[in-house]
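Visitor: Provided herewith: protein_22.cif, mmCIF, C-alpha atoms.
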data_input
#
loop_
_atom_site.label_atom_id
_atom_site.label_comp_id
_atom_site.auth_asym_id
_atom_site.auth_seq_id
_atom_site.Cartn_x
_atom_site.Cartn_y
_atom_site.Cartn_z
CA MET A 1148 -24.36 -7.90 21.91
CA TYR A 1149 -21.47 -5.50 22.37
CA VAL A 1150 -18.28 -6.16 24.33
CA TYR A 1151 -15.92 -3.25 25.09
CA LEU A 1152 -12.20 -3.87 25.61
CA TYR A 1153 -10.72 -0.99 27.64
CA ASP A 1154 -6.98 -0.42 27.63
CA ASN A 1155 -5.26 -0.34 31.00
CA PHE A 1156 -4.18 3.30 30.59
CA LEU A 1157 -7.82 4.42 30.75
CA LYS A 1158 -7.70 3.82 34.51
CA ASN A 1159 -5.90 7.17 34.73
CA LYS A 1160 -8.09 9.81 36.37
CA ARG A 1161 -7.80 12.28 33.52
CA TYR A 1162 -9.85 9.97 31.28
CA ASP A 1163 -12.64 9.50 33.87
CA SER A 1164 -14.93 12.24 32.57
CA LEU A 1165 -14.45 11.23 28.91
CA ILE A 1166 -15.10 7.56 29.63
CA LYS A 1167 -18.27 8.47 31.56
CA ALA A 1168 -19.47 10.64 28.68
CA ILE A 1169 -18.74 7.84 26.16
CA GLU A 1170 -20.61 5.31 28.27
CA THR A 1171 -23.61 7.66 28.57
CA ARG A 1172 -23.65 8.22 24.78
CA LEU A 1173 -23.45 4.45 24.15
CA THR A 1174 -26.35 3.87 26.55
CA ASP A 1175 -28.35 6.56 24.71
CA TYR A 1176 -27.77 4.71 21.45
CA GLY A 1177 -28.68 1.43 23.13
CA ILE A 1178 -25.34 -0.18 22.29
CA ALA A 1179 -23.78 -0.31 25.75
CA GLY A 1180 -22.39 -3.67 26.73
CA LYS A 1181 -19.97 -5.67 28.80
CA ILE A 1182 -16.71 -3.94 29.72
CA ILE A 1183 -13.45 -5.87 29.98
CA ARG A 1184 -10.24 -4.17 31.10
CA LEU A 1185 -7.15 -5.41 29.26
CA GLN A 1186 -4.02 -6.18 31.23
CA ARG A 1187 -0.50 -6.39 29.85
CA TYR A 1188 -0.55 -10.16 29.47
CA THR A 1189 -4.20 -10.64 28.46
CA ASN A 1190 -4.54 -13.22 25.68
CA CYS A 1191 -6.94 -11.32 23.41
CA GLU A 1192 -7.61 -14.22 21.05
CA MET A 1193 -8.81 -16.54 23.83
CA LEU A 1194 -10.76 -13.72 25.47
CA ILE A 1195 -12.62 -12.80 22.27
CA GLU A 1196 -13.29 -16.43 21.31
CA ASP A 1197 -14.78 -16.91 24.77
CA GLU A 1198 -17.01 -13.84 24.38
CA ILE A 1199 -18.15 -14.99 20.91
CA ARG A 1200 -19.17 -18.31 22.48
CA LYS A 1201 -21.21 -16.34 25.03
CA GLY A 1202 -23.01 -14.53 22.21
CA ALA A 1203 -20.93 -11.40 21.45
CA LYS A 1204 -21.44 -10.06 17.90
CA ASN A 1205 -19.40 -6.85 18.17
CA ILE A 1206 -16.05 -6.30 19.86
CA VAL A 1207 -15.16 -2.64 20.43
CA ILE A 1208 -11.58 -1.65 21.21
CA VAL A 1209 -11.28 1.43 23.44
CA GLY A 1210 -7.82 2.99 23.56
CA ASN A 1211 -5.14 4.13 21.10
CA ASP A 1212 -3.00 2.73 18.23
CA VAL A 1213 -1.13 0.46 20.66
CA THR A 1214 -4.38 -1.04 22.00
CA PHE A 1215 -5.71 -1.49 18.46
CA GLY A 1216 -2.55 -3.31 17.33
CA HIS A 1217 -2.30 -5.33 20.54
CA VAL A 1218 -5.84 -6.70 20.23
CA LEU A 1219 -6.11 -7.24 16.48
CA SER A 1220 -2.65 -8.71 15.92
CA ARG A 1221 -3.78 -11.66 18.02
CA ALA A 1222 -7.51 -11.72 17.36
CA ALA A 1223 -7.67 -11.03 13.59
CA SER A 1224 -8.69 -14.65 13.00
CA CYS A 1225 -11.84 -14.29 15.17
CA ARG A 1226 -15.01 -14.04 13.06
CA VAL A 1227 -16.70 -11.00 14.63
CA THR A 1228 -17.33 -7.33 13.79
CA TYR A 1229 -14.81 -4.96 15.34
CA GLY A 1230 -15.30 -1.36 16.37
CA PHE A 1231 -12.86 1.24 17.64
CA LEU A 1232 -13.30 4.11 20.09
CA PRO A 1233 -10.05 6.11 20.01
CA VAL A 1234 -9.16 7.86 23.28
CA GLY A 1235 -6.09 9.94 24.17
CA SER A 1236 -2.96 10.61 22.10
CA GLU A 1237 -1.22 8.35 19.52
CA ASN A 1238 -4.29 7.81 17.40
CA SER A 1239 -3.11 7.90 13.77
CA ILE A 1240 -5.01 4.72 12.79
CA ALA A 1241 -8.33 6.29 13.84
CA ASP A 1242 -7.71 9.09 11.34
CA VAL A 1243 -7.16 6.56 8.52
CA LEU A 1244 -10.36 4.73 9.52
CA GLY A 1245 -12.32 8.01 9.62
CA ILE A 1246 -13.15 7.69 13.32
CA PRO A 1247 -12.93 10.91 15.36
CA VAL A 1248 -11.04 10.79 18.67
CA GLY A 1249 -13.22 11.05 21.78
CA ILE A 1250 -16.97 11.00 22.28
CA ASP A 1251 -17.91 11.53 18.59
CA ALA A 1252 -16.54 8.05 17.83
CA CYS A 1253 -19.75 6.66 19.40
CA ASP A 1254 -21.76 8.17 16.52
CA VAL A 1255 -19.58 6.34 13.97
CA LEU A 1256 -19.98 3.10 15.93
CA ALA A 1257 -23.77 3.51 16.05
CA LYS A 1258 -23.97 4.05 12.27
CA ARG A 1259 -22.38 0.62 11.67
CA ARG A 1260 -20.78 1.33 8.30
CA LYS A 1261 -18.84 -1.90 7.87
CA LEU A 1262 -15.85 -2.76 5.68
CA PHE A 1263 -13.46 -5.66 5.34
CA LEU A 1264 -9.85 -4.62 5.95
CA ASP A 1265 -6.62 -6.20 4.76
CA VAL A 1266 -3.98 -7.06 7.33
CA GLY A 1267 -0.33 -8.04 7.19
CA TRP A 1268 0.83 -11.59 7.90
CA LEU A 1269 4.29 -12.30 9.25
CA ASN A 1270 5.66 -15.75 10.12
CA ASN A 1271 2.28 -17.10 11.35
CA ARG A 1272 1.07 -13.95 13.10
CA TYR A 1273 -0.83 -10.84 11.99
CA PHE A 1274 0.26 -7.23 12.17
CA ILE A 1275 -2.16 -4.35 11.96
CA SER A 1276 -0.36 -1.04 12.11
CA GLN A 1277 3.28 -1.26 10.98
CA LEU A 1278 6.22 -3.61 10.77
CA HIS A 1279 9.63 -2.10 11.45
CA ILE A 1280 13.09 -3.55 10.90
CA PRO A 1281 15.80 -1.18 12.22
CA PRO A 1282 18.91 -0.71 10.00
CA SER A 1283 20.37 -4.15 9.26
CA ASP A 1284 22.22 -6.01 6.48
CA ILE A 1285 19.05 -7.32 4.88
CA GLN A 1286 18.10 -8.47 1.40
CA ILE A 1287 14.53 -8.47 0.17
CA GLU A 1288 12.93 -10.70 -2.44
CA TYR A 1289 9.68 -9.32 -3.86
CA ASP A 1290 6.84 -11.53 -5.09
CA GLU A 1291 9.48 -14.14 -6.12
CA SER A 1292 10.42 -12.00 -9.13
CA PHE A 1293 13.12 -9.51 -8.12
CA LYS A 1294 15.60 -8.86 -5.31
CA VAL A 1295 16.37 -5.52 -3.69
CA GLY A 1296 19.59 -4.70 -1.89
CA SER A 1297 21.77 -1.67 -1.26
CA LYS A 1298 25.31 -0.80 -2.25
CA GLY A 1299 26.94 -2.18 0.90
CA GLN A 1300 24.91 -0.14 3.38
CA LYS A 1301 22.52 -1.20 6.11
CA MET A 1302 18.84 -0.67 5.35
CA GLU A 1303 15.79 0.15 7.43
CA LEU A 1304 12.49 -1.43 6.36
CA VAL A 1305 9.01 -0.22 7.29
CA VAL A 1306 5.97 -2.13 6.02
CA CYS A 1307 2.77 -0.14 6.41
CA ASN A 1308 -0.69 -1.55 6.77
CA LEU A 1309 -2.96 0.88 8.64
CA LYS A 1310 -0.47 3.26 10.24
CA PRO A 1311 0.76 5.99 7.87
CA PHE A 1312 4.46 6.19 7.12
CA VAL A 1313 5.78 9.67 7.77
CA TRP A 1314 9.00 10.73 6.14
CA SER A 1315 9.99 13.94 7.84
CA LYS A 1316 12.88 15.07 5.62
CA ALA A 1317 10.75 16.55 2.88
CA GLY A 1318 7.74 16.98 5.14
CA LYS A 1319 5.86 14.55 2.94
CA LYS A 1320 3.26 12.27 4.44
CA TYR A 1321 2.24 9.06 2.71
CA VAL A 1322 -1.21 7.97 3.80
CA VAL A 1323 -1.43 4.26 3.18
CA HIS A 1324 -4.80 2.92 2.11
CA PRO A 1325 -5.58 -0.40 3.77
CA GLN A 1326 -8.00 -1.37 1.01
CA ASP A 1327 -5.70 -1.08 -1.97
CA GLY A 1328 -4.98 -4.79 -2.03
CA LYS A 1329 -1.25 -4.35 -1.42
CA LEU A 1330 1.13 -3.60 1.42
CA GLU A 1331 3.70 -0.86 0.99
CA ALA A 1332 7.36 -1.35 1.90
CA PHE A 1333 9.43 1.77 2.63
CA LEU A 1334 13.13 1.03 2.39
CA ARG A 1335 15.76 3.51 3.58
CA PRO A 1336 19.50 2.77 3.30
CA VAL A 1337 21.68 4.44 5.96
CA VAL A 1338 23.80 7.11 4.30
CA LYS A 1339 26.11 7.81 7.23
CA THR A 1340 26.27 7.62 11.00
CA SER A 1341 27.21 10.81 12.85
CA ILE A 1342 29.47 11.09 15.94
CA PHE A 1343 26.44 10.86 18.25
CA LYS A 1344 25.42 7.59 16.51
CA LYS A 1345 22.40 9.22 14.94
CA GLU A 1346 21.80 7.58 11.58
CA GLN A 1347 21.09 9.63 8.50
CA PHE A 1348 18.87 8.00 5.93
CA GLU A 1349 18.57 8.29 2.20
CA GLU A 1350 15.17 9.18 0.76
CA PRO A 1351 12.94 6.09 0.87
CA SER A 1352 12.44 3.56 -1.89
CA ILE A 1353 8.80 2.46 -2.09
CA PHE A 1354 7.63 -0.94 -3.28
CA PRO A 1355 3.99 -2.04 -3.16
CA PHE A 1356 3.83 -5.85 -2.76
CA GLU A 1357 1.75 -8.86 -1.87
CA GLU A 1358 4.55 -11.06 -0.60
CA ILE A 1359 8.18 -10.44 0.35
CA ILE A 1360 10.91 -12.47 1.97
CA VAL A 1361 13.40 -10.57 4.11
CA SER A 1362 16.60 -12.43 4.87
CA SER A 1363 20.02 -11.81 6.34
CA ARG A 1364 23.12 -13.73 7.41
CA LYS A 1365 22.92 -12.18 10.89
CA PRO A 1366 19.74 -12.11 13.04
CA PHE A 1367 17.82 -8.86 12.70
CA VAL A 1368 15.19 -7.21 14.92
CA VAL A 1369 11.52 -7.20 13.81
CA GLU A 1370 9.05 -4.91 15.62
CA THR A 1371 5.29 -5.34 15.04
CA ASP A 1372 2.44 -3.92 17.13
CA GLY A 1373 4.56 -3.87 20.29
CA ASN A 1374 6.14 -7.31 19.67
CA VAL A 1375 9.90 -7.48 19.23
CA SER A 1376 11.61 -10.59 17.92
CA LYS A 1377 14.90 -11.56 16.25
CA GLU A 1378 14.72 -13.39 12.95
CA ILE A 1379 16.99 -14.59 10.13
CA LYS A 1380 14.31 -15.06 7.49
CA VAL A 1381 10.86 -13.46 7.50
CA LYS A 1382 7.98 -13.97 5.06
CA ILE A 1383 5.59 -11.00 4.97
CA LYS A 1384 2.37 -11.18 3.00
CA LEU A 1385 -1.06 -9.67 2.71
CA ALA A 1386 -4.12 -11.34 4.23
CA LYS A 1387 -6.96 -9.89 2.17
CA SER A 1388 -10.31 -8.82 3.73
CA ARG A 1389 -9.44 -10.37 7.07
CA ILE A 1390 -11.13 -8.03 9.57
CA GLU A 1391 -14.70 -6.77 9.43
CA MET A 1392 -14.58 -3.28 10.92
CA VAL A 1393 -16.96 -0.40 11.56
CA VAL A 1394 -15.43 2.64 9.83
CA GLY A 1395 -16.29 6.32 9.44
CA ARG A 1396 -17.48 8.19 6.39
CA ASP A 1397 -14.26 10.27 6.32
CA ARG A 1398 -11.95 7.27 6.03
CA LYS A 1399 -8.80 7.63 3.92
CA PHE A 1400 -9.49 4.73 1.55
CA MET X 198 -36.92 9.60 25.62
CA PHE X 199 -34.07 9.64 23.12
CA LYS X 200 -33.16 6.04 23.63
CA GLN X 201 -33.19 4.01 20.45
CA SER X 202 -33.57 0.30 20.31
CA PRO X 203 -30.68 -1.72 18.87
CA GLU X 204 -32.94 -2.95 16.07
CA THR X 205 -33.61 0.58 14.79
CA LEU X 206 -29.90 1.33 14.91
CA GLU X 207 -28.80 -1.81 13.19
CA GLN X 208 -31.32 -1.51 10.36
CA PRO X 209 -29.41 1.01 8.26
CA THR X 210 -26.40 -1.28 8.25
CA GLN X 211 -24.34 -0.39 5.24
CA HIS X 212 -22.30 -3.36 4.24
CA HIS X 213 -19.78 -2.08 1.78
CA THR X 214 -17.71 -4.32 -0.36
CA PRO X 215 -14.08 -3.17 -0.65
CA VAL X 216 -13.77 -0.37 -3.16
CA ARG X 217 -10.29 -0.01 -4.56
CA HIS X 218 -8.64 3.22 -5.62
CA THR X 219 -11.53 5.62 -5.25
CA GLN X 220 -10.53 9.15 -4.29
CA HIS X 221 -6.84 8.22 -4.25
CA GLU X 222 -6.73 7.06 -7.86
CA ASP X 223 -4.33 9.82 -8.84
CA ASP X 224 -2.15 10.14 -5.75
CA GLN X 225 -1.54 6.45 -5.14
CA VAL X 226 1.86 5.47 -3.83
CA GLU X 227 4.13 4.83 -6.77
CA THR X 228 7.10 2.48 -6.90
CA VAL X 229 10.35 4.34 -6.19
CA VAL X 230 13.83 2.85 -6.54
CA GLY X 231 16.14 5.04 -4.42
CA PRO X 232 19.61 6.24 -5.49
CA SER X 233 21.68 3.63 -3.64
CA VAL X 234 19.24 0.76 -4.09
CA VAL X 235 19.99 -2.07 -6.51
CA VAL X 236 17.18 -4.14 -8.02
CA GLU X 237 18.00 -7.50 -9.62
CA GLY X 238 15.44 -9.46 -11.62
CA ASP X 239 12.31 -8.75 -13.61
CA PHE X 240 10.70 -5.68 -12.13
CA VAL X 241 6.97 -5.53 -12.84
CA SER X 242 4.59 -2.91 -11.43
CA GLU X 243 0.99 -1.87 -12.07
CA GLY X 244 1.55 1.77 -11.09
CA ASN X 245 4.06 4.48 -11.94
CA ILE X 246 7.75 3.65 -11.51
CA LEU X 247 10.41 6.18 -10.56
CA VAL X 248 13.99 4.90 -10.91
CA LYS X 249 16.79 6.81 -9.17
CA GLY X 250 19.11 3.82 -8.60
CA THR X 251 20.13 0.74 -10.61
CA VAL X 252 17.85 -1.92 -12.07
CA SER X 253 19.51 -5.03 -13.57
CA GLY X 254 16.59 -6.76 -15.23
CA ASN X 255 13.54 -6.13 -17.36
CA VAL X 256 11.24 -3.31 -16.29
CA LYS X 257 7.54 -3.49 -17.12
CA THR X 258 4.66 -1.15 -16.25
CA GLY X 259 1.40 -0.11 -17.88
CA ARG X 260 1.84 3.46 -16.64
CA LEU X 261 4.57 6.09 -16.47
CA LEU X 262 8.23 5.13 -16.10
CA THR X 263 10.62 7.89 -15.06
CA VAL X 264 14.37 7.25 -15.13
CA GLU X 265 16.14 10.09 -13.34
CA GLU X 266 19.60 11.46 -14.09
CA GLY X 267 22.27 9.12 -12.68
CA ALA X 268 19.92 6.12 -12.70
CA LYS X 269 20.65 2.98 -14.74
CA ILE X 270 18.51 0.28 -16.32
CA LEU X 271 20.46 -2.67 -17.74
CA ALA X 272 17.75 -4.58 -19.65
CA ASN X 273 14.66 -4.17 -21.78
CA VAL X 274 11.94 -1.70 -20.81
CA LYS X 275 8.22 -1.81 -21.53
CA ALA X 276 5.95 1.01 -20.34
CA GLY X 277 2.81 2.99 -21.07
CA GLU X 278 4.74 6.27 -21.08
CA ALA X 279 8.38 7.02 -20.30
CA ILE X 280 10.60 9.97 -19.44
CA ILE X 281 14.28 9.04 -19.55
CA SER X 282 16.99 11.26 -18.10
CA GLY X 283 19.39 8.49 -17.06
CA GLU X 284 21.04 5.52 -18.77
CA VAL X 285 19.20 2.62 -20.41
CA GLN X 286 21.06 -0.32 -22.00
CA GLY X 287 18.32 -2.32 -23.70
CA ASN X 288 15.34 -2.05 -25.99
CA VAL X 289 12.60 0.41 -25.01
CA LYS X 290 8.99 -0.28 -25.97
CA VAL X 291 6.51 2.44 -25.05
CA ASP X 292 2.77 2.42 -25.84
CA SER X 293 2.34 6.18 -26.20
CA ARG X 294 4.90 8.93 -25.48
CA LEU X 295 8.64 8.54 -24.94
CA GLU X 296 10.68 11.54 -23.85
CA LEU X 297 14.50 11.61 -23.82
CA THR X 298 15.87 14.60 -21.91
CA ALA X 299 19.30 16.22 -22.47
CA SER X 300 21.05 13.90 -19.98
CA ALA X 301 19.55 10.67 -21.42
CA ARG X 302 21.83 7.87 -22.68
CA LEU X 303 20.03 5.13 -24.57
CA LEU X 304 21.70 2.08 -26.14
CA GLY X 305 18.95 0.05 -27.78
CA ASP X 306 16.02 0.03 -30.15
CA ILE X 307 12.95 2.20 -29.57
CA THR X 308 9.30 1.50 -30.35
CA CYS X 309 6.75 4.20 -29.51
CA ASP X 310 3.88 6.37 -30.77
CA ILE X 311 5.26 9.81 -29.92
CA LEU X 312 8.98 10.53 -29.53
CA VAL X 313 10.45 13.66 -27.96
CA ILE X 314 14.25 14.03 -27.98
CA GLU X 315 15.84 17.01 -26.28
CA ALA X 316 19.12 18.42 -27.61
CA GLY X 317 22.06 16.64 -25.97
CA ALA X 318 20.42 13.24 -25.54
CA LEU X 319 22.50 10.30 -26.79
CA LEU X 320 20.74 7.55 -28.71
CA GLN X 321 22.15 4.53 -30.50
CA GLY X 322 19.62 2.13 -31.98
CA LYS X 323 16.73 1.65 -34.36
CA VAL X 324 13.60 3.78 -33.98
CA SER X 325 10.26 2.45 -35.13
CA MET X 326 7.03 4.37 -34.62
CA ASN X 327 3.59 2.80 -34.67
CA GLY X 328 1.90 5.62 -36.63
CA LEU X 329 4.27 5.15 -39.55
CA GLU X 330 3.38 1.46 -39.91
CA ASN X 331 -0.30 2.42 -40.24
CA MET X 332 0.59 4.98 -42.92
CA ASN X 333 2.44 2.35 -44.98
CA LYS X 334 -0.54 0.02 -44.75
CA ASN X 335 -2.85 2.80 -45.97
CA GLU X 336 -0.51 3.55 -48.89
CA LYS X 337 -0.50 -0.13 -49.88
CA LYS X 338 -4.30 -0.19 -49.73
CA VAL X 339 -4.48 2.91 -52.00
CA LEU X 340 -2.04 1.29 -54.44
CA ARG X 341 -4.08 -1.94 -54.49
CA ARG X 342 -7.27 0.06 -55.13
CA THR X 343 -5.71 2.06 -57.96
CA LYS X 344 -4.40 -1.16 -59.54
CA LYS X 345 -7.86 -2.70 -59.32
CA THR X 346 -9.57 0.35 -60.82
CA ILE X 347 -7.05 0.45 -63.71
CA GLU X 348 -7.64 -3.25 -64.43
CA GLU X 349 -11.42 -2.71 -64.32
CA ASP X 350 -11.12 0.28 -66.68
CA ILE X 351 -9.07 -1.78 -69.16
CA GLU X 352 -11.58 -4.63 -68.99
CA SER X 353 -14.53 -2.27 -69.62
CA GLN X 354 -12.70 -0.69 -72.58
CA MET X 355 -11.99 -4.14 -74.04
CA GLU X 356 -15.68 -5.10 -73.71
CA GLU X 357 -16.73 -1.95 -75.55
#
Once more with this new file: its structure as structure tokens, please.
Guide:
Amino acid sequence: MYVYLYDNFLKNKRYDSLIKAIETRLTDYGIAGKIIRLQRYTNCEMLIEDEIRKGAKNIVIVGNDVTFGHVLSRAASCRVTYGFLPVGSENSIADVLGIPVGIDACDVLAKRRKLFLDVGWLNNRYFISQLHIPPSDIQIEYDESFKVGSKGQKMELVVCNLKPFVWSKAGKKYVVHPQDGKLEAFLRPVVKTSIFKKEQFEEPSIFPFEEIIVSSRKPFVVETDGNVSKEIKVKIKLAKSRIEMVVGRDRKF
Amino acid sequence: MFKQSPETLEQPTQHHTPVRHTQHEDDQVETVVGPSVVVEGDFVSEGNILVKGTVSGNVKTGRLLTVEEGAKILANVKAGEAIISGEVQGNVKVDSRLELTASARLLGDITCDILVIEAGALLQGKVSMNGLENMNKNEKKVLRRTKKTIEEDIESQMEE
């Protein structure tokens, strides 16, 4: 049995025709199912657990990167197969998973090519796309073997799981492979701050890792999949083969 | 007419086990230590390492280690291959090829298979190369054999 979780933004009229076409294609394949519309404060974990109890075997997320992160960051612990139908803009994760945006995603879903994906784990919660710490006075301890700091400057930290890290200065794009058994930390010290308070960064340092501890004397901001919190010490690690996901043939890993 | 039953769709289920480093074997993200980043402690990596900043601790990798101009490593280094253009204060042990460019400064002993030193590189330390050890062993073997054959010849002559 299939359950489809629609993001709230799909209520917009401009998606009407696409959603109808997707639903028709799913019916043709015989994989249409129950539709649930997500609200801002929907508890996805409870919702999915409830649907599993009612007999759901496949949960399909319909929306963009934000929807994907919002659902899976809470429901990664649920033992069910996940699918993804990317709709609209901001769909970089779909590209990594090899799922085309729009109606063709139904074909990928119908083929049911399944893989187990790694996810990030941060202070008792999962993150799916990226973790971002804006420039702060942080120190990082990697795999309990070495420490990384900067020469008196603030540093920005981005930990990538499924969402690619794009460094625009050299026009170089790092596509992060979720199946490589490691997370990648991109660390950029602030070189200088201009008059308009726009920070200029040094080229990034890259460290693949399985576990890091980020600490600071002052509280620093941590952004993950739409969640923002302030922390003093954060433990980030890799949860291996956590999510069973239907992926496309053209995936980037 | 075109409707397919869920059973027929779910039959060709391909359940893949995670495959690591397939098409991205060569372009995998390497470890990069930026110019104003300081690393303290034993720095171990499975992939290539590019050092542009300072590392105060042992560095170990099975692949290529590149130390750029202006970078510093203040401890022992062990790598599969190495290209050094910066400063290293410690012993360097490389499995295959070690290259010291013109701007390299190396204070420590070297062990490697192939050594390339560009004019202008500064090196202070003992150099030992693996190939040479094998040659010495071969020479010793030849000497032992010749000794044996001489002894056997003498013995045969005595018997006659």
Visitor: Using the chain letters and residue numbers of this document, give as number ranges by chain the residues selected by the PyMOL selection byres ((chain A) within 9 of (chain X)).
Guide: A: 1174-1178, 1257-1264, 1292-1298, 1300, 1321-1324, 1326-1328, 1331, 1334-1336, 1338, 1349-1355, 1388, 1399-1400
Visitor: Go ahead and dump the residues you just picked, C-alpha atoms, as a PDB file, in the frame of the given file.
Guide:
ATOM      1  CA  THR A1174     -26.350   3.870  26.550  1.00  0.00           C
ATOM      2  CA  ASP A1175     -28.350   6.560  24.710  1.00  0.00           C
ATOM      3  CA  TYR A1176     -27.770   4.710  21.450  1.00  0.00           C
ATOM      4  CA  GLY A1177     -28.680   1.430  23.130  1.00  0.00           C
ATOM      5  CA  ILE A1178     -25.340  -0.180  22.290  1.00  0.00           C
ATOM      6  CA  ALA A1257     -23.770   3.510  16.050  1.00  0.00           C
ATOM      7  CA  LYS A1258     -23.970   4.050  12.270  1.00  0.00           C
ATOM      8  CA  ARG A1259     -22.380   0.620  11.670  1.00  0.00           C
ATOM      9  CA  ARG A1260     -20.780   1.330   8.300  1.00  0.00           C
ATOM     10  CA  LYS A1261     -18.840  -1.900   7.870  1.00  0.00           C
ATOM     11  CA  LEU A1262     -15.850  -2.760   5.680  1.00  0.00           C
ATOM     12  CA  PHE A1263     -13.460  -5.660   5.340  1.00  0.00           C
ATOM     13  CA  LEU A1264      -9.850  -4.620   5.950  1.00  0.00           C
ATOM     14  CA  SER A1292      10.420 -12.000  -9.130  1.00  0.00           C
ATOM     15  CA  PHE A1293      13.120  -9.510  -8.120  1.00  0.00           C
ATOM     16  CA  LYS A1294      15.600  -8.860  -5.310  1.00  0.00           C
ATOM     17  CA  VAL A1295      16.370  -5.520  -3.690  1.00  0.00           C
ATOM     18  CA  GLY A1296      19.590  -4.700  -1.890  1.00  0.00           C
ATOM     19  CA  SER A1297      21.770  -1.670  -1.260  1.00  0.00           C
ATOM     20  CA  LYS A1298      25.310  -0.800  -2.250  1.00  0.00           C
ATOM     21  CA  GLN A1300      24.910  -0.140   3.380  1.00  0.00           C
ATOM     22  CA  TYR A1321       2.240   9.060   2.710  1.00  0.00           C
ATOM     23  CA  VAL A1322      -1.210   7.970   3.800  1.00  0.00           C
ATOM     24  CA  VAL A1323      -1.430   4.260   3.180  1.00  0.00           C
ATOM     25  CA  HIS A1324      -4.800   2.920   2.110  1.00  0.00           C
ATOM     26  CA  GLN A1326      -8.000  -1.370   1.010  1.00  0.00           C
ATOM     27  CA  ASP A1327      -5.700  -1.080  -1.970  1.00  0.00           C
ATOM     28  CA  GLY A1328      -4.980  -4.790  -2.030  1.00  0.00           C
ATOM     29  CA  GLU A1331       3.700  -0.860   0.990  1.00  0.00           C
ATOM     30  CA  LEU A1334      13.130   1.030   2.390  1.00  0.00           C
ATOM     31  CA  ARG A1335      15.760   3.510   3.580  1.00  0.00           C
ATOM     32  CA  PRO A1336      19.500   2.770   3.300  1.00  0.00           C
ATOM     33  CA  VAL A1338      23.800   7.110   4.300  1.00  0.00           C
ATOM     34  CA  GLU A1349      18.570   8.290   2.200  1.00  0.00           C
ATOM     35  CA  GLU A1350      15.170   9.180   0.760  1.00  0.00           C
ATOM     36  CA  PRO A1351      12.940   6.090   0.870  1.00  0.00           C
ATOM     37  CA  SER A1352      12.440   3.560  -1.890  1.00  0.00           C
ATOM     38  CA  ILE A1353       8.800   2.460  -2.090  1.00  0.00           C
ATOM     39  CA  PHE A1354       7.630  -0.940  -3.280  1.00  0.00           C
ATOM     40  CA  PRO A1355       3.990  -2.040  -3.160  1.00  0.00           C
ATOM     41  CA  SER A1388     -10.310  -8.820   3.730  1.00  0.00           C
ATOM     42  CA  LYS A1399      -8.800   7.630   3.920  1.00  0.00           C
ATOM     43  CA  PHE A1400      -9.490   4.730   1.550  1.00  0.00           C
TER      44      PHE A1400
END
Visitor: Might you spell out which residues the PyMOL selection byres ((chain X and resi 268-275) around 9) would select in the displayed file, as a PyMOL selection string?
Guide: chain X and resi 232+248-259+262+264-267+276-279+282-292+305
Visitor: Record the distance separating CA of Leu1256 (chain A) and CA of Leu1185 (chain A), expressed in Å with one decimal.
Guide: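 Rounded to one decimal, the two atoms are 20.4 Å apart.
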Visitor: Please write the residues picked by the PyMOL selection byres ((chain A and resi 1206-1215) around 8) on this file as a compact mmCIF listing (two decimals) with C-alpha atoms, in the frame of the given file.
Guide:
# COMPACT_ATOMS: atom_id res chain seq x y z
CA TYR A 1149 -21.47 -5.50 22.37
CA VAL A 1150 -18.28 -6.16 24.33
CA TYR A 1151 -15.92 -3.25 25.09
CA LEU A 1152 -12.20 -3.87 25.61
CA TYR A 1153 -10.72 -0.99 27.64
CA ASP A 1154 -6.98 -0.42 27.63
CA PHE A 1156 -4.18 3.30 30.59
CA LEU A 1157 -7.82 4.42 30.75
CA ILE A 1195 -12.62 -12.80 22.27
CA ALA A 1203 -20.93 -11.40 21.45
CA LYS A 1204 -21.44 -10.06 17.90
CA ASN A 1205 -19.40 -6.85 18.17
CA GLY A 1216 -2.55 -3.31 17.33
CA HIS A 1217 -2.30 -5.33 20.54
CA VAL A 1218 -5.84 -6.70 20.23
CA LEU A 1219 -6.11 -7.24 16.48
CA VAL A 1227 -16.70 -11.00 14.63
CA THR A 1228 -17.33 -7.33 13.79
CA TYR A 1229 -14.81 -4.96 15.34
CA GLY A 1230 -15.30 -1.36 16.37
CA PHE A 1231 -12.86 1.24 17.64
CA LEU A 1232 -13.30 4.11 20.09
CA PRO A 1233 -10.05 6.11 20.01
CA VAL A 1234 -9.16 7.86 23.28
CA GLY A 1235 -6.09 9.94 24.17
CA SER A 1236 -2.96 10.61 22.10
CA GLU A 1237 -1.22 8.35 19.52
CA ASN A 1238 -4.29 7.81 17.40
CA SER A 1239 -3.11 7.90 13.77
CA ILE A 1240 -5.01 4.72 12.79
CA ALA A 1241 -8.33 6.29 13.84
CA ILE A 1275 -2.16 -4.35 11.96
CA SER A 1276 -0.36 -1.04 12.11
CA ASP A 1372 2.44 -3.92 17.13
CA GLY A 1373 4.56 -3.87 20.29
Visitor: Find the spatial neighbours of Gln321 (chain X), counting all atoms listed in the file, within a cut-off of 9 Å - ignore same-chain residues fewer than 3 positions away - and output them as a PyMOL selection string.
Guide: chain X and resi 302-306
Visitor: Measure the distance from CA of Lys323 (chain X) to CA of Asp310 (chain X) in Å and round it to one decimal.
Guide: 14.2 Å
Visitor: Just give me the gap between CA of Met1392 (chain A) and CA of Phe1356 (chain A) in Å, one decimal is fine.
Guide: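 Pair CA of Met1392 (chain A) / CA of Phe1356 (chain A) returns 23.1 Å.
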